[in-house]
4 protein chains.
Amino acid sequence: MKLISQSDEIKECISVGGRELFRKETCRMMAGPCAVESREQILLTAEKLADMGIKIFRAGAFKPRTNPYAFQGSHSEGLKWLEEVRNTYGMKIITETSDITNFDEVADVTDIIQIGAKAMYDHSVLEAAGKSKKPVLLKRHFGATVEEMFKMADYMLLQGNRQIMFCERGIRTFENSSRFTLDLCGAEVIKQKTRAPLILDPSHAMGYSFGVPDIAMACTAFGCGGIMIEVHHNPEEALCDKEQALSLEQFKILFENMKEIGKAIGKVVE
Amino acid sequence: MKLISQSDEIKECISVGGRELFRKETCRMMAGPCAVESREQILLTAEKLADMGIKIFRAGAFKPRTNPYAFQGSHSEGLKWLEEVRNTYGMKIITETSDITNFDEVADVTDIIQIGAKAMYDHSVLEAAGKSKKPVLLKRHFGATVEEMFKMADYMLLQGNRQIMFCERGIRTFENSSRFTLDLCGAEVIKQKTRAPLILDPSHAMGYSFGVPDIAMACTAFGCGGIMIEVHHNPEEALCDKEQALSLEQFKILFENMKEIGKAIGKVVE
Amino acid sequence: MKLISQSDEIKECISVGGRELFRKETCRMMAGPCAVESREQILLTAEKLADMGIKIFRAGAFKPRTNPYAFQGSHSEGLKWLEEVRNTYGMKIITETSDITNFDEVADVTDIIQIGAKAMYDHSVLEAAGKSKKPVLLKRHFGATVEEMFKMADYMLLQGNRQIMFCERGIRTFENSSRFTLDLCGAEVIKQKTRAPLILDPSHAMGYSFGVPDIAMACTAFGCGGIMIEVHHNPEEALCDKEQALSLEQFKILFENMKEIGKAIGKVVE
Amino acid sequence: MKLISQSDEIKECISVGGRELFRKETCRMMAGPCAVESREQILLTAEKLADMGIKIFRAGAFKPRTNPYAFQGSHSEGLKWLEEVRNTYGMKIITETSDITNFDEVADVTDIIQIGAKAMYDHSVLEAAGKSKKPVLLKRHFGATVEEMFKMADYMLLQGNRQIMFCERGIRTFENSSRFTLDLCGAEVIKQKTRAPLILDPSHAMGYSFGVPDIAMACTAFGCGGIMIEVHHNPEEALCDKEQALSLEQFKILFENMKEIGKAIGKVVE
């Protein structure tokens, strides 16, 4: 059985809000904090990132945490601040739907629908995303094989959405000195088996900011359609995943270095 | 931080439809096919299992499959046949909710709400199950640590539901001669850290019927509050997970053997 | 390619020192401390275990540890004390060779040559064990598939030794609340694919004594040719793996309980 | 307890045959076939690689295979051909010792002693390597944590050898579309915790040649002290691991591309 996700029907280039932001020649940077915490935080971070040339802003308004006693997101209010980012700085927004109860609300606001790792097997979300006209970034569950991710993507493709991107964000292994294990070998299989853009997420894979720059550099040279990096204006105060966030200053240096890698491999990092 | 799932607030004994079916001295058998396929299949299987003395019938009406081209369940119609099983044979029903879109429908019919492995991280389902008055069987995701399962259970406990059971059904490891790896060591940690009943699922762990009897025997001697076994009147024709289903004849022998183990350890297998 | 380890050439029953100690109808208990620490410790423990009816005494004289600053064994002296155990109490000895440098010394003394998990891939040890006339217990490496273990066994079988036993002692997975994960699903595959006795090692799998009795009970009911348990006369003072050792009192109770399981499944636990 | 492998006593720069081939500013390429198959193969490959500027030639004379029916190496004769490579082309040699029985023979010939993944836990090999005056490349076992690798290295360091390099070559995970999973997150921990050079091995991690160039590019940008690549003059005829070998032509292109990455990050790839 040939999956649609492995066929020519899936798109190679992805248009976001009318602009072809994901193309073969580009490694598209998506940056921002893990969670939408406050209007001030979001606008401040977005302004700085826009100044650096970042075109896609990432931040989660709905944060379904494993720890029930942790911050769970700013929800509808957070989505409004993300709209403000788009209106003020002209950035496109990628934000996460955690399940079908917040799907419509998220899909109304976001430019790219992000389906988080834990929702990768959620048929209702996939069906809704499949019916949406917006591009989707599907994150690989940390316990899922590459083949399973392709199968879950077919639930969207069967609904007519051809703009799907696959994100490798680390799998769970016995090594626990890092939070997860970025699976570049599996990512290579994604590159071989589907035309859809491959997105890599060094922040969630490593889980600790000290490793993010090296891994982001590796991802750039590896060759991919985009990279997501968590950036916080004050990592020590972050309400979510603070150990893995880069500061704005760290990110700025990294971004410049990644552009150099891009030049070396004939790709624009932007 | 002490989790409620590890405290005395979680119930040791579980009442199902007014009867205390899960108690310290009992290893409760739950048997039935993977999927509700047809009225005939369900009534036939239930009759035979009721004859053997089985009190809890398991079968899924909603089958969220990884393969988008496989049978996905009989849905609302299937739930009606499960009600017919209860009315006709007096068995209690355990059936799965795959996400919030079918939660109410499932919860209305079932005696025990089963939250499948892939829904273990689904906050909407957990919240709804927490608000329900029915006992819940929470299956450990194949990529989840024991600690994470406890944390997700707290989402239900925070909503007031104290009747929660934990099910180990196999984790994903590098060994692929079986479908999953039953984690008895992790199950031991569950036994140590929570008072709630531990349920084991040899069928999904092994994935092949040849191994189910030995593993079910092991689970009985290990000591647990209940065991789920997939039984099909004609495994070769099963629409879902046919490789792991026992025939009625195989199950009958196994059930008798498990009772002998029960006697050896001072527990009633029923 | 058909492996010899999966053929009729491998022995079903194993003779140890002239006695058929491993037979279809028996679940053979092997007990003793992790390490040979002193003459007093060994003789005291052996006496107590002999009194309980244990026929095979286990203890390691060569303890190749991962931690270079931990106790590494009593070496040649320890082997002498093991001989004393045999002469004094009539028990058979199983002890480990860690690599070819101590192979001959160990093989001269021991009744069963134990090849530890970390030596499973050691061709020199396998070749020497293959040339030996003594039965061999091959432990599965914690990172090895079942299929790989069979292949490594063929290195011995090709040298003419037909008395080989396979031991599952836990594999490495993402779950780290236990030291390893006992793989009963993989053990089932071993039972299906080879006639050679399957040995299970709950102590190394769990790594914590609190879980050893339940898992040992499970292993007995699962059906296997033998079980290894670590027992120490004073676990808190053990020089090696003290967290997983049972006390003599705990073991005595467990052994009696395992015999009851044996009766329930028609096997003699001895 | 502070390990020596994490202290200042371990060397940052490694001298091979009198030349400082591993330094902070260099990403050292090691290339050659998996196995020494014949004199012709070795000399032909070495000549071509020397022409490209490769300074360290890799090939195994002792190939301890998991499959007992596969080619096991050319042994002593193969070592002679490796000496011929050094004498003819002035390249340095890195070749593997599989256990203590071939340690001296290998150590006499090689410039860098390679301890293969399966020998990482072999105390005799580690002790011998520790007593040797030659630099050692210690490969991480596919089932070993980073921390365990550091501990095993201390066995060498305790014997006085300070010239040790650590090699990440893929760990075993549930994903089996590639042979192993290159663990860049773990590699980052190696970089953080030890001064010793980090070596990466994309060929063994991926196991399929199609993925080797992308991963090798990633490794270069990640920042490491060296990279090992398997190259065969005729991959389809390779006697060992033929699926992962690059052809000479493929390698030549890759090497040039890696140099460009090196320039982008201020390192010399040579």
# chains A, B, ... in the order shown; residues from 1 in each chain; ligands from 1
$ residues_around --residues "Asp8 in chain A" --least-positions-apart "2" --cutoff "10 Å" --atoms "only C-alpha atoms" --output "ChimeraX atom specification"
/A:4-6,10-12,162,194-196
$ select_by_dssp --residues "range 37-244 of chain D" --states "helix (DSSP H, G or I)" --output "count of residues only"
98
$ interface_residues --of "chain D" --to "chain A" --cutoff "6 Å" --atoms "only C-alpha atoms" --output "PyMOL selection string"
chain D and resi 145+175+181+185+188+206+211+214-215+217-218+221-222+260-261+264
$ residues_around --residues "range 93-104 of chain A" --least-positions-apart "6" --cutoff "6 Å" --atoms "only C-alpha atoms" --output "VMD selection string"
chain A and resid 56 to 60 110 to 112 114 to 115 125
$ residues_around --residues "Leu248 in chain D" --least-positions-apart "3" --cutoff "7 Å" --atoms "only C-alpha atoms" --output "PyMOL selection string"
chain D and resi 231-233+251-252
$ residues_around --residues "Leu44 in chain A" --least-positions-apart "4" --cutoff "12 Å" --atoms "only C-alpha atoms" --output "list of chain:residue names"
A:Gly32, A:Pro33, A:Val36, A:Glu37, A:Ser38, A:Arg39, A:Glu40, A:Lys48, A:Leu49, A:Ala50, A:Asp51, A:Trp81, A:Leu82, A:Glu84, A:Val85, A:Thr88, A:Tyr89, A:Val231, A:His232, A:His233, A:Asn234, A:Leu248
$ residues_around --residues "Leu157 in chain A" --least-positions-apart "4" --cutoff "12 Å" --atoms "only C-alpha atoms" --output "count of residues only"
30
$ select_by_dssp --residues "range 18-128 of chain D" --states "strand (DSSP E or B)" --output "CSV table (one decimal) with N, CA and C atoms, in the first residue's frame"
chain,number,residue,atom,x,y,z
D,19,ARG,N,52.7,13.3,15.1
D,19,ARG,CA,52.1,14.5,14.6
D,19,ARG,C,50.8,14.7,15.3
D,20,GLU,N,50.6,16.0,15.6
D,20,GLU,CA,49.4,16.4,16.4
D,20,GLU,C,48.2,16.4,15.4
D,21,LEU,N,47.6,15.3,15.2
D,21,LEU,CA,46.5,15.2,14.2
D,21,LEU,C,45.1,15.6,14.7
D,22,PHE,N,44.9,15.5,16.0
D,22,PHE,CA,43.7,15.9,16.6
D,22,PHE,C,43.9,17.2,17.4
D,26,THR,N,40.6,21.5,14.3
D,26,THR,CA,40.6,20.5,13.2
D,26,THR,C,39.4,19.5,13.3
D,27,CYS,N,38.8,19.2,12.2
D,27,CYS,CA,37.9,18.1,12.2
D,27,CYS,C,38.6,17.0,11.3
D,28,ARG,N,39.1,16.0,12.0
D,28,ARG,CA,39.9,15.0,11.3
D,28,ARG,C,39.1,13.9,10.6
D,29,MET,N,39.3,13.8,9.4
D,29,MET,CA,38.6,12.7,8.6
D,29,MET,C,39.4,11.4,8.7
D,30,MET,N,38.7,10.4,9.0
D,30,MET,CA,39.2,9.0,8.9
D,30,MET,C,38.4,8.2,8.0
D,31,ALA,N,39.0,7.7,6.9
D,31,ALA,CA,38.2,7.0,5.9
D,31,ALA,C,38.8,5.7,5.5
D,32,GLY,N,38.0,4.9,4.9
D,32,GLY,CA,38.5,3.6,4.5
D,32,GLY,C,37.4,2.5,4.5
D,35,ALA,N,36.2,-3.5,6.2
D,35,ALA,CA,37.1,-4.6,6.5
D,35,ALA,C,38.3,-4.6,5.5
D,56,ILE,N,44.4,9.7,7.7
D,56,ILE,CA,44.2,8.5,8.5
D,56,ILE,C,43.3,7.5,7.8
D,57,PHE,N,43.9,6.3,7.6
D,57,PHE,CA,43.2,5.3,6.9
D,57,PHE,C,42.6,4.3,7.9
D,58,ARG,N,41.3,4.0,7.7
D,58,ARG,CA,40.6,3.1,8.6
D,58,ARG,C,40.2,1.8,7.9
D,60,GLY,N,39.3,-2.6,9.2
D,60,GLY,CA,39.4,-3.6,10.3
D,60,GLY,C,39.9,-4.9,9.7
D,92,LYS,N,48.4,7.4,8.4
D,92,LYS,CA,48.3,6.8,9.7
D,92,LYS,C,47.2,5.8,9.7
D,93,ILE,N,47.3,4.8,10.5
D,93,ILE,CA,46.4,3.7,10.5
D,93,ILE,C,45.6,3.7,11.8
D,94,ILE,N,44.3,3.5,11.6
D,94,ILE,CA,43.4,3.2,12.8
D,94,ILE,C,42.7,1.9,12.4
D,95,THR,N,42.9,0.9,13.3
D,95,THR,CA,42.3,-0.4,13.1
D,95,THR,C,41.9,-1.0,14.5
D,96,GLU,N,40.9,-1.9,14.4
D,96,GLU,CA,40.2,-2.3,15.6
D,96,GLU,C,40.8,-3.6,16.3
D,97,THR,N,40.8,-3.5,17.6
D,97,THR,CA,41.1,-4.8,18.4
D,97,THR,C,39.7,-5.3,18.9
D,112,ILE,N,46.5,4.3,15.8
D,112,ILE,CA,45.4,4.6,16.8
D,112,ILE,C,44.7,3.2,17.1
D,113,ILE,N,44.6,2.9,18.3
D,113,ILE,CA,44.0,1.6,18.7
D,113,ILE,C,42.5,1.9,18.8
D,114,GLN,N,41.7,1.2,17.9
D,114,GLN,CA,40.3,1.4,18.0
D,114,GLN,C,39.7,0.3,18.8
D,115,ILE,N,38.9,0.7,19.9
D,115,ILE,CA,38.2,-0.3,20.6
D,115,ILE,C,36.7,-0.3,20.2
